[in-house]
Amino acid sequence: MPPMSLPSVNTASLHECFISLGSNIDPDHYFVQALEIISRECVLLARSKAIRTAPVGYQQQPDFLNAALLVSTPLEREAFRTYLKEVEDRLGRVRGGIKSGPRTMDLDIVAWDGKIVDDGYFQHDYVKKPVDEVLASSGRTLESQKR
């Protein structure tokens with residue numbers, strides 16, 4: 001399937017999004033691929049270092065590589081979420097089977113326009129630590145939002 005086309009950038013309607021990345025199937029390869037795609041198709045504002053973390057839930061799998069990106073996009077939140085799932089598919093993500101099982105790439109919206117929209121930020125250090133690193137380096141702050 002060809003890549004989804006993103007509309008031309010209109011700076012008046014850009015949204016800022018924190019993305020959590022996670023991979024434990026050839027993660028070094030898939031991190032590079034994800035970063036190349038997202039950098040080419042979005043405006044990459046900042047990124048964290050990658051950290052290795054133990055799996056959560058299903059334990060019989062390799063450790064994960066996790067990181068966070070801050071990007072800007074002209075897409076609305078639901079359209080951007082769909083775009084991220086399409087990027088996962090382009091990177092060979094297979095859905096089904098074990099929900100917390102191995103994956104080539106997992107891309108989740110953690111915060112949208114300065115508001116935390118994923119409880120994973122509060123529940124998992126593999127989400128919080130990379131996002132906090134980007135916050136510190138970019139001078140941005142986040143506020144909680146009830147979903």
# chains A, B, ... in the order shown; residues from 1 in each chain; ligands from 1
>>> select_by_dssp(residues="range 51-123 of chain A", states="strand (DSSP E or B)", output="ChimeraX atom specification")
/A:51-53,64-73,106-112,115-116
>>> residues_around(residues="Ala136 in chain A", least_positions_apart="5", cutoff="12 Å", atoms="only C-alpha atoms", output="PyMOL selection string")
chain A and resi 46-48+70+129-131+141-142
>>> select_by_dssp(residues="chain A", states="alpha helix (DSSP H)", output="PyMOL selection string")
chain A and resi 27-41+77-90+120-123+125-138
>>> residues_around(residues="range 110-113 of chain A", least_positions_apart="6", cutoff="8 Å", atoms="only C-alpha atoms", output="PDB file with N, CA, C and O atoms, in the first residue's frame")
ATOM      1  N   HIS A  15      -0.702  21.033  14.791  1.00  0.00           N
ATOM      2  CA  HIS A  15      -0.871  20.466  16.123  1.00  0.00           C
ATOM      3  C   HIS A  15       0.468  19.875  16.552  1.00  0.00           C
ATOM      4  O   HIS A  15       1.200  19.334  15.733  1.00  0.00           O
ATOM      5  N   GLU A  16       0.758  19.962  17.860  1.00  0.00           N
ATOM      6  CA  GLU A  16       1.951  19.312  18.398  1.00  0.00           C
ATOM      7  C   GLU A  16       1.539  18.014  19.065  1.00  0.00           C
ATOM      8  O   GLU A  16       0.558  17.967  19.803  1.00  0.00           O
ATOM      9  N   CYS A  17       2.330  16.979  18.797  1.00  0.00           N
ATOM     10  CA  CYS A  17       2.009  15.645  19.283  1.00  0.00           C
ATOM     11  C   CYS A  17       3.255  14.965  19.831  1.00  0.00           C
ATOM     12  O   CYS A  17       4.302  14.963  19.182  1.00  0.00           O
ATOM     13  N   PHE A  18       3.120  14.388  21.034  1.00  0.00           N
ATOM     14  CA  PHE A  18       4.153  13.514  21.582  1.00  0.00           C
ATOM     15  C   PHE A  18       3.776  12.091  21.207  1.00  0.00           C
ATOM     16  O   PHE A  18       2.652  11.652  21.462  1.00  0.00           O
ATOM     17  N   ILE A  19       4.736  11.377  20.608  1.00  0.00           N
ATOM     18  CA  ILE A  19       4.527   9.995  20.180  1.00  0.00           C
ATOM     19  C   ILE A  19       5.439   9.098  21.002  1.00  0.00           C
ATOM     20  O   ILE A  19       6.628   9.384  21.153  1.00  0.00           O
ATOM     21  N   SER A  20       4.883   8.013  21.515  1.00  0.00           N
ATOM     22  CA  SER A  20       5.677   6.977  22.178  1.00  0.00           C
ATOM     23  C   SER A  20       5.979   5.896  21.141  1.00  0.00           C
ATOM     24  O   SER A  20       5.074   5.453  20.426  1.00  0.00           O
ATOM     25  N   ARG A  77      -6.390  14.947  15.394  1.00  0.00           N
ATOM     26  CA  ARG A  77      -5.895  13.851  16.238  1.00  0.00           C
ATOM     27  C   ARG A  77      -6.297  12.460  15.726  1.00  0.00           C
ATOM     28  O   ARG A  77      -5.437  11.580  15.623  1.00  0.00           O
ATOM     29  N   ASP A 119      -3.138   7.466  29.305  1.00  0.00           N
ATOM     30  CA  ASP A 119      -2.830   7.151  30.705  1.00  0.00           C
ATOM     31  C   ASP A 119      -1.511   6.398  30.847  1.00  0.00           C
ATOM     32  O   ASP A 119      -0.960   6.323  31.941  1.00  0.00           O
ATOM     33  N   GLY A 120      -0.994   5.831  29.767  1.00  0.00           N
ATOM     34  CA  GLY A 120       0.293   5.149  29.809  1.00  0.00           C
ATOM     35  C   GLY A 120       1.396   6.057  30.325  1.00  0.00           C
ATOM     36  O   GLY A 120       2.367   5.589  30.915  1.00  0.00           O
ATOM     37  N   TYR A 121       1.249   7.362  30.124  1.00  0.00           N
ATOM     38  CA  TYR A 121       2.232   8.312  30.629  1.00  0.00           C
ATOM     39  C   TYR A 121       2.351   8.205  32.152  1.00  0.00           C
ATOM     40  O   TYR A 121       3.435   8.297  32.707  1.00  0.00           O
ATOM     41  N   LEU A 142       3.236  19.767  29.913  1.00  0.00           N
ATOM     42  CA  LEU A 142       2.001  19.063  29.590  1.00  0.00           C
ATOM     43  C   LEU A 142       1.022  19.191  30.738  1.00  0.00           C
ATOM     44  O   LEU A 142       1.416  19.276  31.898  1.00  0.00           O
TER      45      LEU A 142
END
>>> atom_distance(atom1="CA of Glu78 in chain A", atom2="CA of Leu107 in chain A")
13.5 Å
>>> residues_around(residues="Gly101 in chain A", least_positions_apart="6", cutoff="9 Å", atoms="only C-alpha atoms", output="VMD selection string")
chain A and resid 55 to 61
>>> residues_around(residues="Asp28 in chain A", least_positions_apart="3", cutoff="8 Å", atoms="only C-alpha atoms", output="tab-separated table (two decimals) with N, CA and C atoms, in the first residue's frame")
chain	number	residue	atom	x	y	z
A	31	PHE	N	13.53	1.18	14.55
A	31	PHE	CA	13.59	2.56	15.07
A	31	PHE	C	14.12	3.50	14.00
A	32	VAL	N	15.16	3.10	13.31
A	32	VAL	CA	15.72	3.92	12.24
A	32	VAL	C	14.67	4.14	11.16
A	65	LEU	N	12.79	-1.59	22.99
A	65	LEU	CA	13.46	-0.32	22.82
A	65	LEU	C	12.34	0.70	22.78
>>> closest_residue(among="A:Ala68, A:Pro27, A:Asp63, A:Leu14", to="Val134 in chain A", atoms="only C-alpha atoms")
A:Ala68
>>> atom_distance(atom1="CA of Asp132 in chain A", atom2="CA of Ile98 in chain A")
28.8 Å
>>> residues_around(residues="Lys85 in chain A", least_positions_apart="6", cutoff="10 Å", atoms="only C-alpha atoms", output="tab-separated table (two decimals) with all heavy atoms, in the first residue's frame")
chain	number	residue	atom	x	y	z
A	79	ALA	N	-7.20	11.51	12.73
A	79	ALA	CA	-6.54	11.26	11.45
A	79	ALA	C	-5.05	10.96	11.66
A	79	ALA	O	-4.48	10.10	10.98
A	79	ALA	CB	-6.70	12.46	10.52
A	91	LEU	N	5.75	-0.76	8.51
A	91	LEU	CA	6.93	-1.33	9.16
A	91	LEU	C	6.72	-2.79	9.54
A	91	LEU	O	7.48	-3.35	10.33
A	91	LEU	CB	7.30	-0.49	10.39
A	91	LEU	CG	7.76	0.93	10.06
A	91	LEU	CD1	7.92	1.75	11.33
A	91	LEU	CD2	9.07	0.89	9.28
A	93	ARG	N	4.08	-4.32	11.13
A	93	ARG	CA	3.36	-4.64	12.37
A	93	ARG	C	2.27	-5.66	12.07
A	93	ARG	O	1.48	-5.50	11.14
A	93	ARG	CB	2.76	-3.37	12.97
A	93	ARG	CG	1.80	-3.58	14.12
A	93	ARG	CD	2.53	-3.70	15.45
A	93	ARG	NE	1.64	-4.02	16.53
A	93	ARG	CZ	1.20	-3.17	17.44
A	93	ARG	NH1	1.58	-1.91	17.38
A	93	ARG	NH2	0.41	-3.57	18.41
A	105	MET	N	6.90	-2.34	15.52
A	105	MET	CA	6.81	-0.95	15.94
A	105	MET	C	5.42	-0.69	16.50
A	105	MET	O	4.42	-1.16	15.96
A	105	MET	CB	7.04	0.00	14.75
A	105	MET	CG	7.06	1.47	15.11
A	105	MET	SD	8.19	1.97	16.44
A	105	MET	CE	9.78	1.50	15.79
A	106	ASP	N	5.41	0.04	17.61
A	106	ASP	CA	4.17	0.51	18.24
A	106	ASP	C	4.30	2.02	18.36
A	106	ASP	O	5.29	2.51	18.92
A	106	ASP	CB	4.01	-0.14	19.62
A	106	ASP	CG	2.68	0.16	20.27
A	106	ASP	OD1	1.69	0.41	19.53
A	106	ASP	OD2	2.60	0.13	21.51
A	107	LEU	N	3.35	2.75	17.80
A	107	LEU	CA	3.37	4.21	17.81
A	107	LEU	C	2.06	4.69	18.44
A	107	LEU	O	0.99	4.42	17.90
A	107	LEU	CB	3.48	4.76	16.38
A	107	LEU	CG	4.73	4.35	15.60
A	107	LEU	CD1	4.58	4.70	14.12
A	107	LEU	CD2	5.96	5.00	16.19
A	108	ASP	N	2.17	5.39	19.56
A	108	ASP	CA	0.98	5.86	20.27
A	108	ASP	C	1.08	7.35	20.55
A	108	ASP	O	2.15	7.86	20.90
A	108	ASP	CB	0.82	5.12	21.60
A	108	ASP	CG	0.53	3.64	21.40
A	108	ASP	OD1	-0.39	3.32	20.63
A	108	ASP	OD2	1.22	2.81	22.02
>>> residues_around(residues="Arg103 in chain A", least_positions_apart="4", cutoff="9 Å", atoms="only C-alpha atoms", output="list in words")
Gly22, Ser23, Asn24, Ile25, Pro27, Gly92, Arg93, Val94 and Arg95 of chain A
>>> closest_residue(among="A:Val127, A:Val87, A:Ser72, A:Ser137", to="Glu36 in chain A", atoms="only C-alpha atoms")
A:Val87
>>> atom_distance(atom1="CA of Glu86 in chain A", atom2="CA of Gln123 in chain A")
25.6 Å
>>> decode(residues="range 39-52 of chain A", atoms="all heavy atoms", output="PDB file, in the first residue's frame")
ATOM      1  N   SER A  39      10.173  11.604  10.160  1.00  0.00           N
ATOM      2  CA  SER A  39      10.927  12.829   9.855  1.00  0.00           C
ATOM      3  C   SER A  39      10.632  13.342   8.456  1.00  0.00           C
ATOM      4  O   SER A  39      10.621  14.548   8.216  1.00  0.00           O
ATOM      5  CB  SER A  39      12.432  12.584   9.982  1.00  0.00           C
ATOM      6  OG  SER A  39      12.780  12.301  11.299  1.00  0.00           O
ATOM      7  N   ARG A  40      10.400  12.427   7.538  1.00  0.00           N
ATOM      8  CA  ARG A  40      10.120  12.798   6.149  1.00  0.00           C
ATOM      9  C   ARG A  40       8.675  13.298   5.983  1.00  0.00           C
ATOM     10  O   ARG A  40       8.413  14.189   5.188  1.00  0.00           O
ATOM     11  CB  ARG A  40      10.377  11.589   5.250  1.00  0.00           C
ATOM     12  CG  ARG A  40      10.266  11.836   3.774  1.00  0.00           C
ATOM     13  CD  ARG A  40      10.683  10.629   2.937  1.00  0.00           C
ATOM     14  NE  ARG A  40       9.922   9.418   3.246  1.00  0.00           N
ATOM     15  CZ  ARG A  40      10.459   8.306   3.760  1.00  0.00           C
ATOM     16  NH1 ARG A  40      11.742   8.233   4.041  1.00  0.00           N
ATOM     17  NH2 ARG A  40       9.707   7.251   3.990  1.00  0.00           N
ATOM     18  N   GLU A  41       7.747  12.740   6.765  1.00  0.00           N
ATOM     19  CA  GLU A  41       6.326  13.016   6.537  1.00  0.00           C
ATOM     20  C   GLU A  41       5.697  13.956   7.567  1.00  0.00           C
ATOM     21  O   GLU A  41       4.551  14.368   7.393  1.00  0.00           O
ATOM     22  CB  GLU A  41       5.564  11.688   6.500  1.00  0.00           C
ATOM     23  CG  GLU A  41       6.030  10.822   5.358  1.00  0.00           C
ATOM     24  CD  GLU A  41       5.407   9.442   5.307  1.00  0.00           C
ATOM     25  OE1 GLU A  41       4.651   9.079   6.234  1.00  0.00           O
ATOM     26  OE2 GLU A  41       5.684   8.717   4.332  1.00  0.00           O
ATOM     27  N   CYS A  42       6.422  14.272   8.629  1.00  0.00           N
ATOM     28  CA  CYS A  42       5.959  15.208   9.656  1.00  0.00           C
ATOM     29  C   CYS A  42       7.098  16.186   9.929  1.00  0.00           C
ATOM     30  O   CYS A  42       8.174  16.041   9.382  1.00  0.00           O
ATOM     31  CB  CYS A  42       5.626  14.469  10.960  1.00  0.00           C
ATOM     32  SG  CYS A  42       4.369  13.194  10.806  1.00  0.00           S
ATOM     33  N   VAL A  43       6.847  17.145  10.797  1.00  0.00           N
ATOM     34  CA  VAL A  43       7.912  18.039  11.226  1.00  0.00           C
ATOM     35  C   VAL A  43       8.390  17.539  12.585  1.00  0.00           C
ATOM     36  O   VAL A  43       7.647  17.597  13.572  1.00  0.00           O
ATOM     37  CB  VAL A  43       7.425  19.501  11.316  1.00  0.00           C
ATOM     38  CG1 VAL A  43       8.541  20.401  11.833  1.00  0.00           C
ATOM     39  CG2 VAL A  43       6.922  19.983   9.960  1.00  0.00           C
ATOM     40  N   LEU A  44       9.601  16.999  12.617  1.00  0.00           N
ATOM     41  CA  LEU A  44      10.173  16.480  13.853  1.00  0.00           C
ATOM     42  C   LEU A  44      10.759  17.653  14.635  1.00  0.00           C
ATOM     43  O   LEU A  44      11.668  18.323  14.167  1.00  0.00           O
ATOM     44  CB  LEU A  44      11.255  15.440  13.550  1.00  0.00           C
ATOM     45  CG  LEU A  44      11.951  14.815  14.752  1.00  0.00           C
ATOM     46  CD1 LEU A  44      10.965  14.040  15.615  1.00  0.00           C
ATOM     47  CD2 LEU A  44      13.082  13.899  14.284  1.00  0.00           C
ATOM     48  N   LEU A  45      10.216  17.873  15.841  1.00  0.00           N
ATOM     49  CA  LEU A  45      10.654  18.991  16.678  1.00  0.00           C
ATOM     50  C   LEU A  45      11.696  18.569  17.708  1.00  0.00           C
ATOM     51  O   LEU A  45      12.577  19.349  18.048  1.00  0.00           O
ATOM     52  CB  LEU A  45       9.451  19.617  17.387  1.00  0.00           C
ATOM     53  CG  LEU A  45       8.338  20.137  16.470  1.00  0.00           C
ATOM     54  CD1 LEU A  45       7.128  20.552  17.286  1.00  0.00           C
ATOM     55  CD2 LEU A  45       8.859  21.283  15.611  1.00  0.00           C
ATOM     56  N   ALA A  46      11.565  17.355  18.231  1.00  0.00           N
ATOM     57  CA  ALA A  46      12.512  16.868  19.251  1.00  0.00           C
ATOM     58  C   ALA A  46      12.329  15.363  19.390  1.00  0.00           C
ATOM     59  O   ALA A  46      11.285  14.809  19.025  1.00  0.00           O
ATOM     60  CB  ALA A  46      12.265  17.557  20.587  1.00  0.00           C
ATOM     61  N   ARG A  47      13.373  14.727  19.954  1.00  0.00           N
ATOM     62  CA  ARG A  47      13.274  13.287  20.212  1.00  0.00           C
ATOM     63  C   ARG A  47      14.105  12.935  21.436  1.00  0.00           C
ATOM     64  O   ARG A  47      15.055  13.642  21.790  1.00  0.00           O
ATOM     65  CB  ARG A  47      13.722  12.473  19.012  1.00  0.00           C
ATOM     66  CG  ARG A  47      15.183  12.569  18.705  1.00  0.00           C
ATOM     67  CD  ARG A  47      15.508  11.833  17.438  1.00  0.00           C
ATOM     68  NE  ARG A  47      16.777  11.149  17.572  1.00  0.00           N
ATOM     69  CZ  ARG A  47      17.508  10.711  16.599  1.00  0.00           C
ATOM     70  NH1 ARG A  47      17.092  10.841  15.364  1.00  0.00           N
ATOM     71  NH2 ARG A  47      18.643  10.101  16.805  1.00  0.00           N
ATOM     72  N   SER A  48      13.720  11.845  22.073  1.00  0.00           N
ATOM     73  CA  SER A  48      14.467  11.363  23.236  1.00  0.00           C
ATOM     74  C   SER A  48      15.509  10.358  22.784  1.00  0.00           C
ATOM     75  O   SER A  48      15.496   9.891  21.634  1.00  0.00           O
ATOM     76  CB  SER A  48      13.512  10.687  24.234  1.00  0.00           C
ATOM     77  OG  SER A  48      13.084   9.425  23.724  1.00  0.00           O
ATOM     78  N   LYS A  49      16.374   9.990  23.708  1.00  0.00           N
ATOM     79  CA  LYS A  49      17.235   8.836  23.484  1.00  0.00           C
ATOM     80  C   LYS A  49      16.366   7.594  23.627  1.00  0.00           C
ATOM     81  O   LYS A  49      15.339   7.610  24.302  1.00  0.00           O
ATOM     82  CB  LYS A  49      18.344   8.789  24.528  1.00  0.00           C
ATOM     83  CG  LYS A  49      19.297   9.949  24.463  1.00  0.00           C
ATOM     84  CD  LYS A  49      20.316   9.828  25.580  1.00  0.00           C
ATOM     85  CE  LYS A  49      21.024  11.149  25.727  1.00  0.00           C
ATOM     86  NZ  LYS A  49      21.335  11.458  27.111  1.00  0.00           N
ATOM     87  N   ALA A  50      16.794   6.515  23.018  1.00  0.00           N
ATOM     88  CA  ALA A  50      16.088   5.243  23.161  1.00  0.00           C
ATOM     89  C   ALA A  50      16.547   4.564  24.449  1.00  0.00           C
ATOM     90  O   ALA A  50      17.720   4.650  24.814  1.00  0.00           O
ATOM     91  CB  ALA A  50      16.367   4.344  21.957  1.00  0.00           C
ATOM     92  N   ILE A  51      15.609   3.900  25.128  1.00  0.00           N
ATOM     93  CA  ILE A  51      15.932   3.145  26.339  1.00  0.00           C
ATOM     94  C   ILE A  51      15.447   1.710  26.171  1.00  0.00           C
ATOM     95  O   ILE A  51      14.460   1.454  25.482  1.00  0.00           O
ATOM     96  CB  ILE A  51      15.293   3.769  27.605  1.00  0.00           C
ATOM     97  CG1 ILE A  51      13.764   3.850  27.483  1.00  0.00           C
ATOM     98  CG2 ILE A  51      15.885   5.139  27.880  1.00  0.00           C
ATOM     99  CD1 ILE A  51      13.056   4.275  28.770  1.00  0.00           C
ATOM    100  N   ARG A  52      16.179   0.771  26.762  1.00  0.00           N
ATOM    101  CA  ARG A  52      15.755  -0.636  26.744  1.00  0.00           C
ATOM    102  C   ARG A  52      14.947  -0.896  27.997  1.00  0.00           C
ATOM    103  O   ARG A  52      15.328  -0.487  29.094  1.00  0.00           O
ATOM    104  CB  ARG A  52      16.961  -1.554  26.699  1.00  0.00           C
ATOM    105  CG  ARG A  52      17.690  -1.436  25.380  1.00  0.00           C
ATOM    106  CD  ARG A  52      18.262  -2.771  24.908  1.00  0.00           C
ATOM    107  NE  ARG A  52      18.933  -2.547  23.645  1.00  0.00           N
ATOM    108  CZ  ARG A  52      18.404  -2.817  22.458  1.00  0.00           C
ATOM    109  NH1 ARG A  52      17.222  -3.339  22.375  1.00  0.00           N
ATOM    110  NH2 ARG A  52      19.077  -2.585  21.356  1.00  0.00           N
TER     111      ARG A  52
END
